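So this one's structure-v7.tsv, TSV, C-alpha atoms:
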chain	number	residue	atom	x	y	z
A	18	MET	CA	-0.49	-21.78	24.62
A	19	PRO	CA	-1.60	-19.17	22.12
A	20	GLN	CA	0.21	-19.38	18.79
A	21	TYR	CA	0.28	-16.43	16.37
A	22	THR	CA	1.07	-16.52	12.65
A	23	ILE	CA	2.24	-13.15	11.34
A	24	LEU	CA	2.42	-12.52	7.59
A	25	LEU	CA	5.54	-10.76	6.30
A	26	PHE	CA	6.06	-8.79	3.09
A	27	GLY	CA	8.66	-6.77	1.29
A	28	PRO	CA	11.98	-6.12	3.05
A	29	ALA	CA	10.97	-7.89	6.26
A	30	ALA	CA	10.20	-11.11	4.40
A	31	ALA	CA	13.41	-10.76	2.43
A	32	ALA	CA	15.47	-10.21	5.60
A	33	ILE	CA	14.62	-13.65	6.99
A	34	THR	CA	13.57	-15.28	3.69
A	35	MET	CA	10.18	-16.22	5.14
A	36	ASP	CA	6.71	-14.92	4.29
A	37	ARG	CA	5.37	-15.60	7.80
A	38	VAL	CA	6.57	-16.29	11.31
A	39	VAL	CA	4.93	-18.31	14.06
A	40	ILE	CA	5.14	-16.86	17.55
A	41	GLN	CA	4.39	-18.78	20.76
A	42	SER	CA	3.06	-16.79	23.69
A	43	ALA	CA	2.12	-17.54	27.29
A	44	GLU	CA	-1.15	-15.63	26.88
A	45	LEU	CA	-3.06	-13.49	24.38
A	46	CYS	CA	-0.96	-10.48	23.36
A	47	SER	CA	-1.44	-6.86	22.51
A	48	ALA	CA	0.07	-5.61	19.26
A	49	ASP	CA	2.97	-4.06	21.15
A	50	GLN	CA	3.62	-7.25	23.13
A	51	LEU	CA	3.55	-9.31	19.94
A	52	LYS	CA	6.13	-7.02	18.36
A	53	VAL	CA	8.41	-7.54	21.38
A	54	LEU	CA	8.07	-11.32	21.06
A	55	MET	CA	8.81	-11.08	17.34
A	56	ILE	CA	12.05	-9.22	18.01
A	57	GLN	CA	13.07	-11.73	20.67
A	58	GLN	CA	12.43	-14.73	18.43
A	59	PHE	CA	13.55	-13.09	15.14
A	60	PRO	CA	16.18	-10.42	15.96
A	61	ALA	CA	16.71	-9.68	12.24
A	62	LEU	CA	13.22	-8.15	12.20
A	63	ASP	CA	14.13	-5.50	14.78
A	64	VAL	CA	14.78	-2.68	12.28
A	65	TYR	CA	11.49	-3.42	10.48
A	66	LEU	CA	9.41	-3.62	13.61
A	67	ASP	CA	10.70	-0.29	14.87
A	68	ALA	CA	8.98	1.68	12.12
A	69	GLY	CA	6.49	-1.03	11.23
A	70	ARG	CA	2.84	-1.44	12.22
A	71	LEU	CA	0.73	-4.52	12.72
A	72	ALA	CA	-2.44	-4.96	10.69
A	73	VAL	CA	-5.18	-7.23	12.00
A	74	ASN	CA	-7.77	-8.49	9.53
A	75	GLN	CA	-6.31	-6.03	7.01
A	76	SER	CA	-6.63	-2.89	9.12
A	77	PHE	CA	-3.92	-1.11	11.08
A	78	VAL	CA	-4.20	-1.48	14.86
A	79	ILE	CA	-2.87	0.54	17.75
A	80	GLY	CA	-0.35	-0.93	20.19
A	81	GLU	CA	-2.82	-1.72	22.97
A	82	THR	CA	-5.11	-3.80	20.75
A	83	ILE	CA	-5.40	-7.39	22.00
A	84	ILE	CA	-4.99	-9.77	19.06
A	85	SER	CA	-6.79	-13.08	18.80
A	86	THR	CA	-4.89	-16.05	17.42
A	87	SER	CA	-7.63	-16.53	14.83
A	88	ASP	CA	-7.14	-13.01	13.47
A	89	GLU	CA	-5.17	-12.53	10.25
A	90	THR	CA	-2.15	-10.59	11.43
A	91	ALA	CA	0.48	-8.97	9.20
A	92	LEU	CA	3.55	-6.83	9.73
A	93	ILE	CA	3.37	-3.73	7.55
A	94	THR	CA	6.81	-2.21	7.30
A	95	MET	CA	7.63	1.09	5.57
A	96	VAL	CA	5.71	0.81	2.29
A	97	SER	CA	7.03	1.95	-1.10
A	98	GLY	CA	4.24	1.95	-3.65
A	99	GLY	CA	3.30	4.79	-5.98
B	30	MET	CA	-19.35	10.04	-7.26
B	31	SER	CA	-17.24	6.92	-7.77
B	32	VAL	CA	-13.88	5.37	-6.92
B	33	GLN	CA	-12.46	2.66	-9.21
B	34	ILE	CA	-9.51	0.58	-8.03
B	35	ARG	CA	-7.39	-1.96	-9.90
B	36	LEU	CA	-4.22	-3.81	-9.05
B	37	THR	CA	-2.79	-4.88	-12.40
B	38	GLN	CA	-0.08	-7.40	-13.17
B	39	GLY	CA	2.84	-5.71	-14.92
B	40	PRO	CA	3.08	-2.24	-16.49
B	41	LEU	CA	-0.06	-0.18	-16.95
B	42	ALA	CA	-1.38	0.41	-20.45
B	43	THR	CA	-1.80	3.98	-21.70
B	44	TRP	CA	-4.90	5.68	-20.34
B	45	PRO	CA	-7.87	4.92	-22.62
B	46	ASP	CA	-9.96	7.78	-24.03
B	47	THR	CA	-12.81	7.49	-21.51
B	48	PRO	CA	-15.61	10.07	-21.26
B	49	TYR	CA	-15.34	12.73	-18.56
B	50	ALA	CA	-17.52	12.19	-15.51
B	51	GLN	CA	-20.78	14.07	-15.64
B	52	GLY	CA	-20.47	17.58	-14.23
B	53	SER	CA	-16.67	17.63	-14.28
B	54	GLY	CA	-14.75	20.65	-15.48
B	55	ALA	CA	-11.28	19.21	-14.89
B	56	ARG	CA	-9.54	15.88	-15.33
B	57	ILE	CA	-6.11	15.36	-13.86
B	58	VAL	CA	-4.12	12.28	-14.84
B	59	PHE	CA	-1.00	11.37	-12.86
B	60	ASP	CA	1.25	8.63	-14.18
B	61	GLY	CA	3.97	7.25	-11.91
B	62	VAL	CA	6.78	6.00	-14.15
B	63	VAL	CA	9.68	3.68	-13.27
B	64	ARG	CA	12.97	5.59	-13.45
B	65	PRO	CA	16.16	4.01	-14.87
B	66	THR	CA	17.98	4.41	-11.55
B	67	GLU	CA	17.15	3.72	-7.92
B	68	ASP	CA	19.28	5.15	-5.11
B	69	GLY	CA	21.85	6.09	-7.74
B	70	GLU	CA	22.13	2.55	-9.11
B	71	LYS	CA	21.12	1.60	-12.64
B	72	ILE	CA	18.12	-0.76	-12.66
B	73	GLN	CA	16.12	-2.69	-15.26
B	74	GLY	CA	12.86	-2.13	-13.50
B	75	LEU	CA	10.94	-2.39	-10.23
B	76	HIS	CA	9.11	-5.37	-8.81
B	77	TYR	CA	6.01	-4.53	-6.77
B	78	GLU	CA	4.67	-6.82	-4.05
B	79	ALA	CA	1.31	-6.13	-2.42
B	80	TYR	CA	-0.57	-7.43	0.58
B	81	ARG	CA	-3.37	-7.47	-1.89
B	82	PRO	CA	-6.60	-7.53	0.16
B	83	MET	CA	-5.37	-4.80	2.48
B	84	ALA	CA	-3.89	-2.74	-0.35
B	85	GLU	CA	-7.22	-2.74	-2.18
B	86	GLN	CA	-9.04	-1.87	1.03
B	87	GLN	CA	-6.69	0.99	1.90
B	88	LEU	CA	-6.89	2.43	-1.64
B	89	GLU	CA	-10.69	2.32	-1.38
B	90	ILE	CA	-10.71	3.97	2.07
B	91	ILE	CA	-8.35	6.75	1.00
B	92	GLY	CA	-10.18	7.27	-2.29
B	93	GLN	CA	-13.61	7.50	-0.68
B	94	GLU	CA	-12.33	9.82	2.01
B	95	LEU	CA	-10.75	12.25	-0.47
B	96	LEU	CA	-13.77	12.08	-2.76
B	97	GLU	CA	-15.81	13.38	0.19
B	98	THR	CA	-13.40	15.88	1.73
B	99	HIS	CA	-12.36	17.46	-1.56
B	100	GLY	CA	-15.77	17.26	-3.21
B	101	LEU	CA	-14.50	15.35	-6.23
B	102	ILE	CA	-16.66	13.67	-8.85
B	103	ALA	CA	-14.70	10.52	-9.75
B	104	MET	CA	-11.37	8.84	-9.08
B	105	ASP	CA	-9.71	6.00	-10.95
B	106	ILE	CA	-6.78	4.38	-9.16
B	107	GLU	CA	-4.55	1.71	-10.70
B	108	HIS	CA	-1.32	0.25	-9.36
B	109	SER	CA	0.97	-2.41	-10.81
B	110	ILE	CA	2.02	-5.57	-9.07
B	111	GLY	CA	4.89	-7.71	-10.34
B	112	LEU	CA	7.69	-6.47	-12.58
B	113	VAL	CA	7.52	-3.08	-14.33
B	114	PRO	CA	10.45	-2.17	-16.62
B	115	ASN	CA	12.08	1.26	-16.82
B	116	TYR	CA	10.05	4.04	-18.41
B	117	LYS	CA	6.81	2.12	-17.99
B	118	CYS	CA	3.88	3.27	-15.90
B	119	SER	CA	3.37	1.54	-12.53
B	120	PHE	CA	0.76	3.79	-10.94
B	121	ARG	CA	-2.00	5.97	-12.33
B	122	LEU	CA	-4.41	8.27	-10.56
B	123	VAL	CA	-7.15	9.96	-12.55
B	124	ILE	CA	-9.34	12.56	-10.86
B	125	ASP	CA	-12.43	14.18	-12.36
B	126	SER	CA	-13.57	17.26	-10.48
B	127	LYS	CA	-15.69	20.33	-11.01
B	128	HIS	CA	-12.64	22.62	-10.79
B	129	ARG	CA	-8.88	22.01	-11.02
B	130	LYS	CA	-8.15	23.34	-7.51
B	131	GLU	CA	-9.71	20.50	-5.56
B	132	GLY	CA	-8.42	17.98	-8.06
B	133	LEU	CA	-4.81	19.11	-7.72
B	134	ALA	CA	-5.04	19.22	-3.91
B	135	ALA	CA	-6.56	15.74	-3.73
B	136	MET	CA	-3.94	14.37	-6.12
B	137	ASP	CA	-1.09	15.41	-3.87
B	138	GLU	CA	-2.80	14.20	-0.71
B	139	PHE	CA	-3.68	10.85	-2.19
B	140	ILE	CA	-0.13	10.11	-3.26
B	141	ASN	CA	1.21	11.10	0.16
B	142	ARG	CA	-1.28	8.73	1.82
B	143	LEU	CA	-0.46	5.97	-0.69
B	144	LYS	CA	3.21	6.18	0.22
B	145	GLN	CA	2.36	5.94	3.91
B	146	ASP	CA	-0.55	3.54	4.34
B	147	VAL	CA	-0.95	1.24	1.33
B	148	PRO	CA	0.90	-2.09	1.79
B	149	ILE	CA	2.77	-2.20	-1.50
B	150	TRP	CA	6.54	-2.65	-1.65
B	151	LYS	CA	8.97	-2.14	-4.50
B	152	SER	CA	12.33	-3.81	-5.04
B	153	ALA	CA	14.85	-2.91	-7.73
B	154	LYS	CA	15.63	-5.43	-10.44
Written form, structure tokens:
Amino acid sequence: MPQYTILLFGPAAAAITMDRVVIQSAELCSADQLKVLMIQQFPALDVYLDAGRLAVNQSFVIGETIISTSDETALITMVSGG
Amino acid sequence: MSVQIRLTQGPLATWPDTPYAQGSGARIVFDGVVRPTEDGEKIQGLHYEAYRPMAEQQLEIIGQELLETHGLIAMDIEHSIGLVPNYKCSFRLVIDSKHRKEGLAAMDEFINRLKQDVPIWKSAK
């Protein structure tokens, strides 16, 4: 079974006091599908996933993008630099 | 034409007296400073966390893009990571351009893009 590790930062990491989550999936996922699985397995992330985007190998991806388990995947919530 | 990027631990030092880029007729320096309050609450400072490799990449992408579209000469971009106390500088953008108009326009656009696409997060301390 594919297993994804998703890096967390900022408020999302603080919400569940973890800097990454591991998500099991029946098959390879798109970004949107992975977000759904994240909400199911970590409901506290719901508010962050709503406005958040996934980055794969340090670049934002669109929802339909299929993500490989070897990719570096991160949840980028609303940022607040500057 | 050049873009310099630095993520620096702690508050940023005052801007050094560097020469103006060749051909420039305007230099605009923007300092982002930590306010003493956040959402109406008194704070001691802000802590900045970055997804560092992506933050550096996004700053470079945005900088290069605006250098091209606005016809700038040079940009120097520096952002703090870690703790920055009140009244200290946590972000600096320096733009050298032929004329002020394109420099001012690019300054505003860059900061808008920074606050949308660069994975840096602040938390009050």
*What is the distance between CA of Pro60 (chain A) and CA of Lys144 (chain B), in Å to one decimal?*
26.3 Å
*Any idea what's packed within 9 Å of region 68-76 of chain A, counting all atoms listed in the file, ignoring anything in its chain fewer than 5 positions away? Could you give it as an MDAnalysis selection string?*
(chainID A and resid 23 48:49 52 84 88:95) or (chainID B and resid 80 82:84 86:87)
At a cut-off of 6 Å, which residues of chain B touch chain A? Count all atoms listed in the file and give the answer as an mmCIF file with C-alpha atoms, in the frame of the given file.
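For reference, selection15.cif as written:
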data_model
loop_
_atom_site.group_PDB
_atom_site.id
_atom_site.type_symbol
_atom_site.label_atom_id
_atom_site.label_comp_id
_atom_site.auth_asym_id
_atom_site.auth_seq_id
_atom_site.Cartn_x
_atom_site.Cartn_y
_atom_site.Cartn_z
ATOM 1 C CA MET B 83 -5.370 -4.800 2.480
ATOM 2 C CA PHE B 120 0.760 3.790 -10.940
ATOM 3 C CA LYS B 144 3.210 6.180 0.220
ATOM 4 C CA PRO B 148 0.900 -2.090 1.790
ATOM 5 C CA ILE B 149 2.770 -2.200 -1.500
ATOM 6 C CA TRP B 150 6.540 -2.650 -1.650
ATOM 7 C CA LYS B 151 8.970 -2.140 -4.500
#
*Residue neighbourhood Leu88 (chain B), 9 Å, all atoms listed in the file, exclusion window fewer than 2 positions, as a list in words*: Ile34, Met83, Ala84, Glu85, Gln86, Ile90, Ile91, Gly92, Gln93, Ile106, Leu143, Asp146 and Val147 of chain B
Please produce a file of those selected residues containing C-alpha atoms, as a PDB file, keeping the file's coordinate frame.
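out-v4.pdb was written with the following content:
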ATOM      1  CA  ILE B  34      -9.510   0.580  -8.030  1.00  0.00           C
ATOM      2  CA  MET B  83      -5.370  -4.800   2.480  1.00  0.00           C
ATOM      3  CA  ALA B  84      -3.890  -2.740  -0.350  1.00  0.00           C
ATOM      4  CA  GLU B  85      -7.220  -2.740  -2.180  1.00  0.00           C
ATOM      5  CA  GLN B  86      -9.040  -1.870   1.030  1.00  0.00           C
ATOM      6  CA  ILE B  90     -10.710   3.970   2.070  1.00  0.00           C
ATOM      7  CA  ILE B  91      -8.350   6.750   1.000  1.00  0.00           C
ATOM      8  CA  GLY B  92     -10.180   7.270  -2.290  1.00  0.00           C
ATOM      9  CA  GLN B  93     -13.610   7.500  -0.680  1.00  0.00           C
ATOM     10  CA  ILE B 106      -6.780   4.380  -9.160  1.00  0.00           C
ATOM     11  CA  LEU B 143      -0.460   5.970  -0.690  1.00  0.00           C
ATOM     12  CA  ASP B 146      -0.550   3.540   4.340  1.00  0.00           C
ATOM     13  CA  VAL B 147      -0.950   1.240   1.330  1.00  0.00           C
TER      14      VAL B 147
END
*Could you name the residues that touch region 130-142 of chain B at 9 Å or less, counting only C-alpha atoms, but leaving out those on the same chain fewer than 3 positions away, as an NGL selection string?*
(:A and (99)) or (:B and (55-59 or 91-92 or 95-96 or 98-101 or 122-127 or 145-147))
*Rounded to one decimal place, report the CA of Ser47 (chain A)-CA of Ala79 (chain B) distance in Å.*
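According to the coordinates, CA of Ser47 (chain A) and CA of Ala79 (chain B) are separated by 25.1 Å.
Going from CA of Gly39 (chain B) over to CA of Lys71 (chain B), you cover 19.8 Å.
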*asked:* Just want the 10 Å neighbourhood of Pro40 (chain B), counted on all atoms listed in the file, with same-chain residues fewer than 5 positions away dropped. Output as a list in words.
replied: Val62, Val63, His108, Ser109, Ile110, Gly111, Leu112, Val113, Pro114, Asn115, Tyr116, Lys117, Cys118, Ser119 and Phe120 of chain B
Based on the selection just made, write C-alpha atoms of those residues as a PDB file, in the frame of the given file.
ATOM      1  CA  VAL B  62       6.780   6.000 -14.150  1.00  0.00           C
ATOM      2  CA  VAL B  63       9.680   3.680 -13.270  1.00  0.00           C
ATOM      3  CA  HIS B 108      -1.320   0.250  -9.360  1.00  0.00           C
ATOM      4  CA  SER B 109       0.970  -2.410 -10.810  1.00  0.00           C
ATOM      5  CA  ILE B 110       2.020  -5.570  -9.070  1.00  0.00           C
ATOM      6  CA  GLY B 111       4.890  -7.710 -10.340  1.00  0.00           C
ATOM      7  CA  LEU B 112       7.690  -6.470 -12.580  1.00  0.00           C
ATOM      8  CA  VAL B 113       7.520  -3.080 -14.330  1.00  0.00           C
ATOM      9  CA  PRO B 114      10.450  -2.170 -16.620  1.00  0.00           C
ATOM     10  CA  ASN B 115      12.080   1.260 -16.820  1.00  0.00           C
ATOM     11  CA  TYR B 116      10.050   4.040 -18.410  1.00  0.00           C
ATOM     12  CA  LYS B 117       6.810   2.120 -17.990  1.00  0.00           C
ATOM     13  CA  CYS B 118       3.880   3.270 -15.900  1.00  0.00           C
ATOM     14  CA  SER B 119       3.370   1.540 -12.530  1.00  0.00           C
ATOM     15  CA  PHE B 120       0.760   3.790 -10.940  1.00  0.00           C
TER      16      PHE B 120
END
*Would you mind telling me which residue in A:Ala30, A:Ile40, A:Met18, A:Ile79 lies nearest to Met55 (chain A) when using only C-alpha atoms?*
A:Ile40
